[in-house]
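Notes follow once the structure below has been shown.
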Amino acid sequence: MKLRVLVGCEFSGVMRQAFRDLGHDAWSCDLLPAEDVSPFHLQCDVRDVLADGWTLAIFHPPCTHLAVSGARWFKDKVREQTEALAFVRLLLAAPVPHIVLENPVSVISSRIRKPNQIIQPWQHGHGETKATCLWLVNLPPLVPSNVVAGREGRVWKMPPSPDRWRERSRTFPGVAAAMAEQWGDYCARAELVPRGAENGANTNKEGIANERRRQYGGCSKRDGVDSEGGDGPGR
Ligand SMILES: C[S@@+](CC[C@H](N)C(=O)[O-])C[C@H]1O[C@@H](n2cnc3c(N)ncnc32)[C@H](O)[C@@H]1O
């Protein structure tokens with residue numbers, strides 16, 4: 001079954017392509033143009049396309065004001081962090097049946113909720129360490145697809161350069177392939193069952209959206225949200 005997949009906050013196209021390789025109707029969306037100049041990229045604010053009928057949404061919001069690695073600057077960035085958290089809440093409350101939001105170890109855990117799982121690139125074919133937290137909505141945890149040796153934190157050792165943030169934030173292809181394979185299958189099967197029929201929950205989109213707003217503190221589109229906060233995109 002072909003799914004409509006939104007990969008929000010992605011300029012690289014790595015995740016979008018992994019889903020397209022399996023035949024899904026996947027689109028990336030970012031304020032920046034697509035690095036691979038794909039026609040399946042929406043260069044716009046992801047908040048403007050959340051309600052466009054997606055089955056699965058994968059979000060990579062900026063972690064500049066959220067990652068605990070930047071904790072020493074938190075006290076000077078209260079407004080930016082509040083806005084970044086509002087952005088995350090809005091994405092988690094999107095009217096999409098299946099959602100994953102990824103970020104490094106961040107204040108999302110203490111301010112919104114703990115992640116459902118923490119994955120590593122070495123679990124999916126890349127001999128590197130980079131703890132990545134996943135907040136899942138209606139999705140099972142990702143199963144390691146190819147555990148390999150090597151525990152080098154390569155991305156953090158890159159020399160300073162204007163494009164360093166791009167390399168550090170780029171999705172690992174092995175992780176993208178595992179998500180496309182496992183969650184593509186899962187969502188396709190789930191979509192064959194009338195939504196909510198298995199547990200008597202809300203079966204309509206409005207009901208799902210209302211439930212999410214209750215769960216995540218409810219913010220409507222663009223409620224005090226600024227996309228990047230002024231530090232430039234990146235991690
Ligand atoms: C940490 S990077 C994620 C990169 C991603 N893993 C990839 O492989 O392309 C965060 C991205 O979010 C984008 N972004 C920030 N605010 C956005 C918004 N409101 N709508 C769409 N994209 C946004 C930035 O331009 C940046 O490219």
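FYI, nothing fancy with the structure tokens labels: chains A, B, ... in order, residues from 1 per chain, ligands from 1 as they appear.
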If we count only C-alpha atoms and set the cut-off at 9 Å, which residues sit around Val68 in chain A, ignoring sequence neighbours fewer than 3 positions away in its own chain? Please answer as a list of chain:residue names. A:His65, A:Ala71, A:Arg72, A:Phe74, A:Pro104, A:Val105, A:Ser106, A:Val107
Could the residues of chain A that have an atom at most 9 Å from ligand 1 be listed as JSON lines, each with its closest atom pair and the distance in Å to one decimal, counting only C-alpha atoms and all ligand atoms and ordered by chain and ascending residue number?
```
{"residue": "A:Val7", "atom": "CA", "partner": "ligand 1", "partner_atom_place_in_ligand_line": "5 (C)", "distance": 8.9}
{"residue": "A:Gly8", "atom": "CA", "partner": "ligand 1", "partner_atom_place_in_ligand_line": "21 (C)", "distance": 6.1}
{"residue": "A:Cys9", "atom": "CA", "partner": "ligand 1", "partner_atom_place_in_ligand_line": "12 (O)", "distance": 3.7}
{"residue": "A:Glu10", "atom": "CA", "partner": "ligand 1", "partner_atom_place_in_ligand_line": "9 (O)", "distance": 3.5}
{"residue": "A:Phe11", "atom": "CA", "partner": "ligand 1", "partner_atom_place_in_ligand_line": "9 (O)", "distance": 3.8}
{"residue": "A:Ser12", "atom": "CA", "partner": "ligand 1", "partner_atom_place_in_ligand_line": "9 (O)", "distance": 3.8}
{"residue": "A:Gly13", "atom": "CA", "partner": "ligand 1", "partner_atom_place_in_ligand_line": "9 (O)", "distance": 6.1}
{"residue": "A:Val14", "atom": "CA", "partner": "ligand 1", "partner_atom_place_in_ligand_line": "8 (O)", "distance": 6.0}
{"residue": "A:Met15", "atom": "CA", "partner": "ligand 1", "partner_atom_place_in_ligand_line": "8 (O)", "distance": 7.1}
{"residue": "A:Ser28", "atom": "CA", "partner": "ligand 1", "partner_atom_place_in_ligand_line": "9 (O)", "distance": 8.6}
{"residue": "A:Cys29", "atom": "CA", "partner": "ligand 1", "partner_atom_place_in_ligand_line": "21 (C)", "distance": 5.8}
{"residue": "A:Asp30", "atom": "CA", "partner": "ligand 1", "partner_atom_place_in_ligand_line": "22 (N)", "distance": 3.5}
{"residue": "A:Leu31", "atom": "CA", "partner": "ligand 1", "partner_atom_place_in_ligand_line": "22 (N)", "distance": 4.5}
{"residue": "A:Leu32", "atom": "CA", "partner": "ligand 1", "partner_atom_place_in_ligand_line": "25 (O)", "distance": 5.2}
{"residue": "A:Pro33", "atom": "CA", "partner": "ligand 1", "partner_atom_place_in_ligand_line": "25 (O)", "distance": 8.7}
{"residue": "A:Ala34", "atom": "CA", "partner": "ligand 1", "partner_atom_place_in_ligand_line": "9 (O)", "distance": 8.2}
{"residue": "A:Glu35", "atom": "CA", "partner": "ligand 1", "partner_atom_place_in_ligand_line": "9 (O)", "distance": 8.3}
{"residue": "A:Leu42", "atom": "CA", "partner": "ligand 1", "partner_atom_place_in_ligand_line": "21 (C)", "distance": 8.8}
{"residue": "A:Gln43", "atom": "CA", "partner": "ligand 1", "partner_atom_place_in_ligand_line": "21 (C)", "distance": 7.5}
{"residue": "A:Cys44", "atom": "CA", "partner": "ligand 1", "partner_atom_place_in_ligand_line": "21 (C)", "distance": 5.9}
{"residue": "A:Asp45", "atom": "CA", "partner": "ligand 1", "partner_atom_place_in_ligand_line": "20 (N)", "distance": 3.6}
{"residue": "A:Val46", "atom": "CA", "partner": "ligand 1", "partner_atom_place_in_ligand_line": "20 (N)", "distance": 3.9}
{"residue": "A:Arg47", "atom": "CA", "partner": "ligand 1", "partner_atom_place_in_ligand_line": "19 (N)", "distance": 6.2}
{"residue": "A:Asp48", "atom": "CA", "partner": "ligand 1", "partner_atom_place_in_ligand_line": "20 (N)", "distance": 8.2}
{"residue": "A:Phe59", "atom": "CA", "partner": "ligand 1", "partner_atom_place_in_ligand_line": "3 (C)", "distance": 8.3}
{"residue": "A:His60", "atom": "CA", "partner": "ligand 1", "partner_atom_place_in_ligand_line": "3 (C)", "distance": 4.9}
{"residue": "A:Pro61", "atom": "CA", "partner": "ligand 1", "partner_atom_place_in_ligand_line": "10 (C)", "distance": 4.9}
{"residue": "A:Pro62", "atom": "CA", "partner": "ligand 1", "partner_atom_place_in_ligand_line": "10 (C)", "distance": 4.1}
{"residue": "A:Cys63", "atom": "CA", "partner": "ligand 1", "partner_atom_place_in_ligand_line": "1 (C)", "distance": 6.2}
{"residue": "A:Thr64", "atom": "CA", "partner": "ligand 1", "partner_atom_place_in_ligand_line": "1 (C)", "distance": 8.0}
{"residue": "A:Phe87", "atom": "CA", "partner": "ligand 1", "partner_atom_place_in_ligand_line": "19 (N)", "distance": 7.9}
{"residue": "A:Glu102", "atom": "CA", "partner": "ligand 1", "partner_atom_place_in_ligand_line": "6 (N)", "distance": 8.7}
{"residue": "A:Asn103", "atom": "CA", "partner": "ligand 1", "partner_atom_place_in_ligand_line": "1 (C)", "distance": 8.0}
{"residue": "A:Trp165", "atom": "CA", "partner": "ligand 1", "partner_atom_place_in_ligand_line": "1 (C)", "distance": 7.8}
{"residue": "A:Arg166", "atom": "CA", "partner": "ligand 1", "partner_atom_place_in_ligand_line": "4 (C)", "distance": 6.9}
{"residue": "A:Glu167", "atom": "CA", "partner": "ligand 1", "partner_atom_place_in_ligand_line": "8 (O)", "distance": 8.4}
{"residue": "A:Arg168", "atom": "CA", "partner": "ligand 1", "partner_atom_place_in_ligand_line": "1 (C)", "distance": 8.2}
{"residue": "A:Ser169", "atom": "CA", "partner": "ligand 1", "partner_atom_place_in_ligand_line": "4 (C)", "distance": 4.9}
{"residue": "A:Arg170", "atom": "CA", "partner": "ligand 1", "partner_atom_place_in_ligand_line": "8 (O)", "distance": 3.5}
{"residue": "A:Thr171", "atom": "CA", "partner": "ligand 1", "partner_atom_place_in_ligand_line": "8 (O)", "distance": 4.1}
{"residue": "A:Phe172", "atom": "CA", "partner": "ligand 1", "partner_atom_place_in_ligand_line": "8 (O)", "distance": 7.7}
{"residue": "A:Val225", "atom": "CA", "partner": "ligand 1", "partner_atom_place_in_ligand_line": "19 (N)", "distance": 8.3}
{"residue": "A:Asp226", "atom": "CA", "partner": "ligand 1", "partner_atom_place_in_ligand_line": "19 (N)", "distance": 7.0}
{"residue": "A:Ser227", "atom": "CA", "partner": "ligand 1", "partner_atom_place_in_ligand_line": "16 (N)", "distance": 3.8}
{"residue": "A:Glu228", "atom": "CA", "partner": "ligand 1", "partner_atom_place_in_ligand_line": "16 (N)", "distance": 5.1}
{"residue": "A:Gly229", "atom": "CA", "partner": "ligand 1", "partner_atom_place_in_ligand_line": "16 (N)", "distance": 8.7}
{"residue": "A:Gly232", "atom": "CA", "partner": "ligand 1", "partner_atom_place_in_ligand_line": "25 (O)", "distance": 8.1}
{"residue": "A:Pro233", "atom": "CA", "partner": "ligand 1", "partner_atom_place_in_ligand_line": "24 (C)", "distance": 4.9}
{"residue": "A:Gly234", "atom": "CA", "partner": "ligand 1", "partner_atom_place_in_ligand_line": "1 (C)", "distance": 4.7}
{"residue": "A:Arg235", "atom": "CA", "partner": "ligand 1", "partner_atom_place_in_ligand_line": "1 (C)", "distance": 5.6}
```
Could you give me, as a tab-separated table, a per-residue list for range 51-120 of chain A showing, wherever an atom lies at most 9 Å from an atom of range 174-185 of chain A, the closest pair of atoms and their distance in Å to one decimal, using only C-alpha atoms and sorting by chain then residue number from low to high?
```
residue	atom	partner	partner_atom	distance
A:Leu56	CA	A:Gly184	CA	8.5
A:Ile119	CA	A:Val175	CA	9.0
A:Gln120	CA	A:Val175	CA	8.6
```
Keeping N, CA and C atoms, export the residues of the selection given above as a compact mmCIF listing (two decimals), in the first residue's frame.
```txt
# COMPACT_ATOMS: atom_id res chain seq x y z
N LEU A 56 1.71 9.31 7.50
CA LEU A 56 2.86 9.24 8.42
C LEU A 56 3.65 10.54 8.29
N ILE A 119 17.88 5.71 19.82
CA ILE A 119 18.55 4.83 18.86
C ILE A 119 19.98 5.34 18.60
N GLN A 120 20.79 4.48 17.98
CA GLN A 120 22.17 4.80 17.63
C GLN A 120 22.41 4.40 16.17
```
Taking into account only C-alpha atoms, which residue in the set A:Thr129, A:Thr55, A:Ser38, A:Asn146 is nearest to Val100 in chain A? A:Thr55
Atom-to-atom span, CA of Leu6 in chain A and CA of Trp27 in chain A, Å: 5.2 Å
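Restricting the calculation to only C-alpha atoms, the smallest distance between Trp122 in chain A and any of A:Asp76, A:Glu152, A:Glu191, A:Glu83 is found for A:Glu152.
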